[in-house]
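Undergrad: Please see the structure below; I have some questions.
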Amino acid sequence: MVHLSNEFNCEDALKDGSYWMPFTANRHVRKQAGSRIISSAKGAYYYTPDGKKLFDTLSGLWCTPLGHAVPRIVEALKNQAEELDYCSSFQMAHPVAVRLAKRLADMAPENLNHVFFANSGTEAVDTALKLALGYHRLRGEGGRFRMIGRERAYHGVGFGGISVGGIVSNRKMFAAGMLNGVDHLRHTYDHSKMAFSKGQPTWGADYAEDLERLVALHDASTIAAVIVEPVQGSTGVVVPPVGYLERLREICTKHGILLIFDEVITGFGRMGENFASRRFNVKPDMITFAKAVTNGIVPMGGVLISKDIYETFMTGPEEAIEFAHGYTYSGHPIAAAVSHAVLDIIEEDSLLTHVRGLEPVLEKAVHSLSDLPGVRDVRNFGLTAGIDLVPEADSPGKRGSALFELGMQNGLLLRCTGDTFSLAPPFIATEEQVLDMVETLRRLIITVTQ
């Protein structure tokens, strides 16, 4: 275990700003640095330097569903580091990654039987967008260059991801660097008709027809791909209406447009299935994945790709590189070994069944908050939920910030975006832990909205 020297003071160092924290109000944090330091983690909890225990309400950033410091995963990491710590995937292969690719392909929806490894969801999305462009060009349809994303979507922070993404605060500073020819579907959330839905809203399938509007505007012959999250996570758990994803699939097929599911959050059990596409019974042409594939312990991401797309690239001279793309750490041996351990645990411990059992527990618990005057909406699907607070009239986001601070003081590490917070407890959580989490939230919400 790595230990910091006795002379090092983490709080003082954090205050001086040498560590520029991502997606963080750094000036605010520097004023109260001591309250933002995590020293260790075990199971479903984080621990602060003074020993305070914090329940991990979002499984890290949706990425540690098996909990922290899992012995079988730690052992797999250690063993692989001793055997083969690194191997380039350019012109070389190693059994750990090859076997993982085969394993993931077998888990995926039918015909998505090829895997291209990356290191994060951001890289996976950019890879999928490149594949879409290359696929159409190789088929003689190079005029298909447009990408269609969706409002409120999060697809990482690369220029491709923020271009197809639809969260305004992530886009506004970088407009000059975004991809040309990107448009967006309307998001599927309508508070007046969907508030306090349990599971999929029954109203709203017609939102998929917005794709026909964009086809009429741009012409289908210019559109390469549509990319959507089956369940939108970072924007606060927006669940697709019944029939919406099915209709998107139909329209994409009709016009020869590729459909990409961003399953960086929904993949590997969060929806009670290996992939949300299986839960919704809708097959995309590509699936991007990351996060839970290694339980967040080693970075890894990738794209599951249909046979048609793969075979389209397998042309030209045999010695030629078919797809000029990849990363130094693609298919990293240690990440692949960790992923095998993660998949073993999910299977051997029947965690998908456990998630399905916890889903109604979480649903009933979070919707019990609907009677609070300060709660504007509650949504849920799988082992995840989103809760909107009524914002203060003159200070939007203030209540969410206050709730986060109160959570730290009361044993919960929360994920708040504005006045919305998301819940995605670890798969290993017990029913009692889920109920305790929500009961604590009830008290905190009452406090910040009085």
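Following the order of the structure tokens, chains are lettered A, B, ..., residues in each are numbered from 1, and ligands are numbered from 1.
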What parts of segment 108-329 of chain A does DSSP call helix (DSSP H, G or I)? I'd like the answer as a PyMOL selection string.
TA: chain A and resi 121-138+159-164+168-177+191-194+205-218+220-222+244-255+276-280+291-294+307-313
Undergrad: Could you give me, as a list in words, the residues within 7 Å of segment 310-319 of chain A, counting only C-alpha atoms and dropping anything in the same chain fewer than 3 positions from it?
TA: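 Selected residues are Tyr135, Leu138, Ile305, Ser306, Lys307 and Glu322 of chain A.
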Undergrad: Using 6 Å as the limit and counting only C-alpha atoms, can you tabulate each residue of segment 191-275 of chain A that touches segment 149-153 of chain A, with its shortest atom-to-atom distance in Å and the two atoms involved, as CSV?
TA:
residue,atom,partner,partner_atom,distance
A:Val226,CA,A:Gly149,CA,6.0
A:Ile227,CA,A:Gly149,CA,5.3
A:Thr235,CA,A:Arg152,CA,6.0
Undergrad: Using only C-alpha atoms, find each residue of segment 234-305 of chain A with at least one atom at most 12 Å away from an atom of segment 350-374 of chain A; report its shortest atom-to-atom pair and that distance in Å (one decimal), sort the rows by chain and rising residue number, and return the result as a tab-separated table.
TA:
residue	atom	partner	partner_atom	distance
A:Gly267	CA	A:Leu352	CA	11.5
A:Phe268	CA	A:Leu352	CA	8.7
A:Gly269	CA	A:Leu352	CA	5.8
A:Arg270	CA	A:Val355	CA	7.4
A:Met271	CA	A:Val355	CA	7.8
A:Gly272	CA	A:Leu352	CA	5.1
A:Glu273	CA	A:Leu352	CA	6.2
A:Asn274	CA	A:Leu352	CA	7.8
A:Phe275	CA	A:Leu352	CA	10.8
A:Arg279	CA	A:Arg356	CA	11.2
Undergrad: Write the residues of the selection above to a file with all heavy atoms, as a tab-separated table (two decimals), in the first residue's frame.
TA:
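Printed below is out.tsv as written:
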chain	number	residue	atom	x	y	z
A	267	GLY	N	-24.45	-0.18	-18.92
A	267	GLY	CA	-23.89	-1.49	-19.17
A	267	GLY	C	-23.47	-2.22	-17.91
A	267	GLY	O	-23.16	-1.62	-16.89
A	268	PHE	N	-23.50	-3.55	-17.97
A	268	PHE	CA	-22.97	-4.45	-16.93
A	268	PHE	C	-23.78	-4.41	-15.63
A	268	PHE	O	-23.22	-4.36	-14.55
A	268	PHE	CB	-21.49	-4.18	-16.69
A	268	PHE	CG	-20.69	-4.24	-17.96
A	268	PHE	CD1	-20.28	-3.08	-18.59
A	268	PHE	CD2	-20.40	-5.47	-18.54
A	268	PHE	CE1	-19.59	-3.14	-19.80
A	268	PHE	CE2	-19.70	-5.53	-19.74
A	268	PHE	CZ	-19.29	-4.36	-20.38
A	269	GLY	N	-25.11	-4.41	-15.79
A	269	GLY	CA	-25.95	-4.72	-14.65
A	269	GLY	C	-26.82	-3.63	-14.07
A	269	GLY	O	-27.74	-3.92	-13.32
A	270	ARG	N	-26.55	-2.39	-14.36
A	270	ARG	CA	-27.30	-1.30	-13.72
A	270	ARG	C	-28.79	-1.39	-14.04
A	270	ARG	O	-29.63	-0.98	-13.22
A	270	ARG	CB	-26.73	0.05	-14.17
A	270	ARG	CG	-27.36	1.28	-13.56
A	270	ARG	CD	-27.29	1.32	-12.05
A	270	ARG	NE	-25.95	1.28	-11.51
A	270	ARG	CZ	-25.69	1.21	-10.21
A	270	ARG	NH1	-26.68	1.16	-9.33
A	270	ARG	NH2	-24.44	1.16	-9.78
A	271	MET	N	-29.14	-1.92	-15.19
A	271	MET	CA	-30.54	-2.06	-15.58
A	271	MET	C	-31.10	-3.45	-15.29
A	271	MET	O	-32.17	-3.82	-15.76
A	271	MET	CB	-30.71	-1.75	-17.08
A	271	MET	CG	-30.29	-0.35	-17.49
A	271	MET	SD	-31.37	0.94	-16.80
A	271	MET	CE	-30.28	1.73	-15.61
A	272	GLY	N	-30.34	-4.25	-14.53
A	272	GLY	CA	-30.79	-5.60	-14.24
A	272	GLY	C	-30.51	-6.58	-15.36
A	272	GLY	O	-30.93	-7.74	-15.30
A	273	GLU	N	-29.80	-6.14	-16.39
A	273	GLU	CA	-29.34	-6.98	-17.49
A	273	GLU	C	-27.90	-6.57	-17.80
A	273	GLU	O	-27.43	-5.52	-17.35
A	273	GLU	CB	-30.20	-6.77	-18.75
A	273	GLU	CG	-31.62	-7.27	-18.63
A	273	GLU	CD	-31.72	-8.78	-18.83
A	273	GLU	OE1	-30.68	-9.42	-19.10
A	273	GLU	OE2	-32.85	-9.32	-18.71
A	274	ASN	N	-27.21	-7.39	-18.60
A	274	ASN	CA	-25.85	-7.03	-18.95
A	274	ASN	C	-25.80	-5.70	-19.70
A	274	ASN	O	-24.86	-4.92	-19.53
A	274	ASN	CB	-25.21	-8.13	-19.80
A	274	ASN	CG	-24.88	-9.36	-18.99
A	274	ASN	OD1	-24.45	-9.27	-17.84
A	274	ASN	ND2	-25.08	-10.53	-19.58
A	275	PHE	N	-26.81	-5.45	-20.52
A	275	PHE	CA	-26.91	-4.19	-21.25
A	275	PHE	C	-28.36	-3.74	-21.26
A	275	PHE	O	-29.28	-4.56	-21.29
A	275	PHE	CB	-26.39	-4.35	-22.68
A	275	PHE	CG	-24.94	-4.69	-22.77
A	275	PHE	CD1	-24.54	-6.01	-22.93
A	275	PHE	CD2	-23.96	-3.71	-22.64
A	275	PHE	CE1	-23.19	-6.35	-22.99
A	275	PHE	CE2	-22.62	-4.03	-22.70
A	275	PHE	CZ	-22.23	-5.35	-22.87
A	279	ARG	N	-32.51	-5.17	-21.84
A	279	ARG	CA	-33.67	-4.88	-21.00
A	279	ARG	C	-34.81	-4.30	-21.84
A	279	ARG	O	-35.99	-4.64	-21.64
A	279	ARG	CB	-33.28	-3.90	-19.90
A	279	ARG	CG	-34.41	-3.47	-18.96
A	279	ARG	CD	-34.80	-4.56	-17.98
A	279	ARG	NE	-35.94	-4.20	-17.16
A	279	ARG	CZ	-35.86	-3.68	-15.93
A	279	ARG	NH1	-34.67	-3.44	-15.38
A	279	ARG	NH2	-36.95	-3.40	-15.25
Undergrad: At a cut-off of 10 Å, using only C-alpha atoms, what residues contact Phe23 of chain A? Leave out same-chain residues fewer than 3 positions from it and give the result as a ChimeraX atom specification.
TA: /A:20,26,170
Undergrad: Which neighbours of Ile334 of chain A fall inside 9 Å, counting only C-alpha atoms, when residues of the same chain fewer than 2 positions from it are skipped, and could you give them as a list in words?
TA: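 Near Ile334 of chain A, the qualifying residues are Ala76, Leu77, Lys78, Asn79, Gln80, Ala81, Leu84, Asp85, Tyr86, Val96, Val298, Gly331, His332, Ala336, Ala337, Val338 and Ser339 of chain A.
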Undergrad: Quick one: residues within 12 Å of His68 of chain A, only C-alpha atoms, excluding same-chain residues fewer than 5 positions away - as a ChimeraX atom specification?
TA: /A:40-47,55-56,59-60,63,73-74,294-297,342,426-429
Undergrad: Between atom CA of Pro71 of chain A and atom CA of Ala335 of chain A, what is the distance in Å, rounded to a tenth?
TA: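 Separation of atom CA of Pro71 of chain A and atom CA of Ala335 of chain A: 15.7 Å.
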Undergrad: Write out as a list in words each polymer residue whose atoms come within 12 Å of Glu405 of chain A, counting only C-alpha atoms; drop sequence neighbours fewer than 3 positions from it.
TA: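 In the requested format, the answer is His28, Val29, Gln32, Ser35, Arg36, Lys398, Arg399, Gly400, Ser401, Ala402, Met408, Gln409, Asn410, Gly411, Leu412, Leu413, Leu414, Arg415, Cys416, Leu444, Ile445, Thr447 and Val448 of chain A.
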Undergrad: Would you give me, as a ChimeraX atom specification, the residues in segment 130-373 of chain A that DSSP reads as strand (DSSP E or B)?
TA: /A:146-150,182-185,223-228,232,238,258-262,286-289,301-305
Undergrad: Would you write out those residues with N, CA, C and O atoms, as a tab-separated table (two decimals), in the first residue's frame?
TA:
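Below is the file that was written, out_25.tsv:
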chain	number	residue	atom	x	y	z
A	146	ARG	N	-23.33	13.58	-41.06
A	146	ARG	CA	-24.00	14.20	-39.91
A	146	ARG	C	-24.17	13.21	-38.76
A	146	ARG	O	-24.45	12.03	-38.97
A	147	MET	N	-24.00	13.72	-37.55
A	147	MET	CA	-24.26	12.95	-36.34
A	147	MET	C	-25.44	13.58	-35.61
A	147	MET	O	-25.50	14.81	-35.48
A	148	ILE	N	-26.33	12.75	-35.14
A	148	ILE	CA	-27.50	13.23	-34.40
A	148	ILE	C	-27.39	12.78	-32.95
A	148	ILE	O	-27.35	11.57	-32.67
A	149	GLY	N	-27.29	13.74	-32.04
A	149	GLY	CA	-27.32	13.45	-30.61
A	149	GLY	C	-28.69	13.80	-30.05
A	149	GLY	O	-29.69	13.83	-30.77
A	150	ARG	N	-28.72	14.10	-28.77
A	150	ARG	CA	-30.00	14.42	-28.13
A	150	ARG	C	-29.76	15.46	-27.04
A	150	ARG	O	-28.72	15.47	-26.38
A	182	VAL	N	-23.65	18.54	-36.83
A	182	VAL	CA	-24.30	17.82	-35.74
A	182	VAL	C	-25.64	18.48	-35.42
A	182	VAL	O	-25.75	19.70	-35.39
A	183	ASP	N	-26.65	17.66	-35.20
A	183	ASP	CA	-27.95	18.17	-34.78
A	183	ASP	C	-28.43	17.32	-33.60
A	183	ASP	O	-27.80	16.31	-33.26
A	184	HIS	N	-29.53	17.75	-32.99
A	184	HIS	CA	-29.97	17.09	-31.77
A	184	HIS	C	-31.48	16.82	-31.78
A	184	HIS	O	-32.28	17.68	-32.17
A	185	LEU	N	-31.83	15.61	-31.37
A	185	LEU	CA	-33.22	15.30	-31.07
A	185	LEU	C	-33.64	16.03	-29.81
A	185	LEU	O	-32.81	16.31	-28.94
A	223	ILE	N	-26.98	11.75	-43.16
A	223	ILE	CA	-26.92	11.40	-41.74
A	223	ILE	C	-26.23	10.05	-41.56
A	223	ILE	O	-26.65	9.04	-42.12
A	224	ALA	N	-25.16	10.05	-40.77
A	224	ALA	CA	-24.39	8.83	-40.53
A	224	ALA	C	-24.94	8.02	-39.37
A	224	ALA	O	-25.07	6.80	-39.46
A	225	ALA	N	-25.21	8.69	-38.24
A	225	ALA	CA	-25.57	7.94	-37.05
A	225	ALA	C	-26.38	8.78	-36.08
A	225	ALA	O	-26.30	10.01	-36.06
A	226	VAL	N	-27.14	8.08	-35.27
A	226	VAL	CA	-27.84	8.65	-34.12
A	226	VAL	C	-27.24	8.00	-32.88
A	226	VAL	O	-27.08	6.78	-32.83
A	227	ILE	N	-26.89	8.81	-31.89
A	227	ILE	CA	-26.34	8.27	-30.65
A	227	ILE	C	-27.20	8.74	-29.48
A	227	ILE	O	-27.48	9.93	-29.34
A	228	VAL	N	-27.64	7.79	-28.66
A	228	VAL	CA	-28.46	8.11	-27.48
A	228	VAL	C	-28.05	7.21	-26.33
A	228	VAL	O	-27.56	6.09	-26.52
A	232	GLN	N	-30.84	8.22	-19.85
A	232	GLN	CA	-29.91	9.34	-19.69
A	232	GLN	C	-29.52	9.47	-18.22
A	232	GLN	O	-30.38	9.64	-17.36
A	238	VAL	N	-33.11	10.32	-16.87
A	238	VAL	CA	-34.28	10.51	-17.72
A	238	VAL	C	-34.55	9.19	-18.42
A	238	VAL	O	-33.72	8.69	-19.18
A	258	LEU	N	-27.10	4.51	-38.79
A	258	LEU	CA	-26.63	3.67	-37.70
A	258	LEU	C	-27.17	4.18	-36.37
A	258	LEU	O	-27.27	5.39	-36.15
A	259	LEU	N	-27.50	3.25	-35.48
A	259	LEU	CA	-27.98	3.59	-34.15
A	259	LEU	C	-26.94	3.15	-33.12
A	259	LEU	O	-26.60	1.96	-33.05
A	260	ILE	N	-26.44	4.10	-32.36
A	260	ILE	CA	-25.44	3.84	-31.33
A	260	ILE	C	-26.07	4.03	-29.97
A	260	ILE	O	-26.66	5.09	-29.69
A	261	PHE	N	-25.96	3.03	-29.12
A	261	PHE	CA	-26.38	3.17	-27.73
A	261	PHE	C	-25.14	3.44	-26.87
A	261	PHE	O	-24.20	2.64	-26.88
A	262	ASP	N	-25.16	4.55	-26.17
A	262	ASP	CA	-24.11	4.85	-25.20
A	262	ASP	C	-24.50	4.18	-23.88
A	262	ASP	O	-25.35	4.67	-23.15
A	286	MET	N	-24.14	-0.31	-32.64
A	286	MET	CA	-22.95	-0.26	-31.80
A	286	MET	C	-23.36	0.08	-30.37
A	286	MET	O	-24.37	0.75	-30.15
A	287	ILE	N	-22.58	-0.41	-29.42
A	287	ILE	CA	-22.76	-0.08	-28.01
A	287	ILE	C	-21.42	0.41	-27.46
A	287	ILE	O	-20.41	-0.29	-27.59
A	288	THR	N	-21.40	1.59	-26.87
A	288	THR	CA	-20.20	2.04	-26.18
A	288	THR	C	-20.30	1.63	-24.71
A	288	THR	O	-21.38	1.64	-24.12
A	289	PHE	N	-19.15	1.25	-24.12
A	289	PHE	CA	-19.14	0.83	-22.73
A	289	PHE	C	-17.87	1.33	-22.04
A	289	PHE	O	-16.89	1.70	-22.69
A	301	GLY	N	-12.56	1.17	-21.64
A	301	GLY	CA	-13.80	1.39	-22.35
A	301	GLY	C	-13.72	0.65	-23.67
A	301	GLY	O	-12.74	-0.03	-23.96
A	302	GLY	N	-14.77	0.78	-24.46
A	302	GLY	CA	-14.74	0.13	-25.75
A	302	GLY	C	-16.06	0.25	-26.49
A	302	GLY	O	-17.01	0.88	-26.01
A	303	VAL	N	-16.08	-0.37	-27.66
A	303	VAL	CA	-17.27	-0.35	-28.50
A	303	VAL	C	-17.57	-1.78	-28.94
A	303	VAL	O	-16.68	-2.49	-29.42
A	304	LEU	N	-18.79	-2.20	-28.77
A	304	LEU	CA	-19.31	-3.44	-29.35
A	304	LEU	C	-19.88	-3.09	-30.71
A	304	LEU	O	-20.69	-2.16	-30.85
A	305	ILE	N	-19.49	-3.85	-31.73
A	305	ILE	CA	-19.73	-3.46	-33.12
A	305	ILE	C	-20.40	-4.61	-33.87
A	305	ILE	O	-20.05	-5.78	-33.69
Undergrad: Of the candidates A:Leu383, A:Gln450, A:Ser395, A:Ala292, which one gets nearest to Gly67 of chain A if we count only C-alpha atoms?
TA: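 Nearest to Gly67 of chain A: A:Ala292.
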Undergrad: Which residues are near segment 177-180 of chain A? Cut-off 10 Å, only C-alpha atoms, ignore same chain within fewer than 2 positions. Put them as a count of residues only.
TA: 16
Undergrad: Please determine, counting only C-alpha atoms, which residue among A:Val282, A:Ile346, A:Ala220, A:Leu61 has the shortest atom-to-atom distance to Tyr244 of chain A.
TA: A:Val282
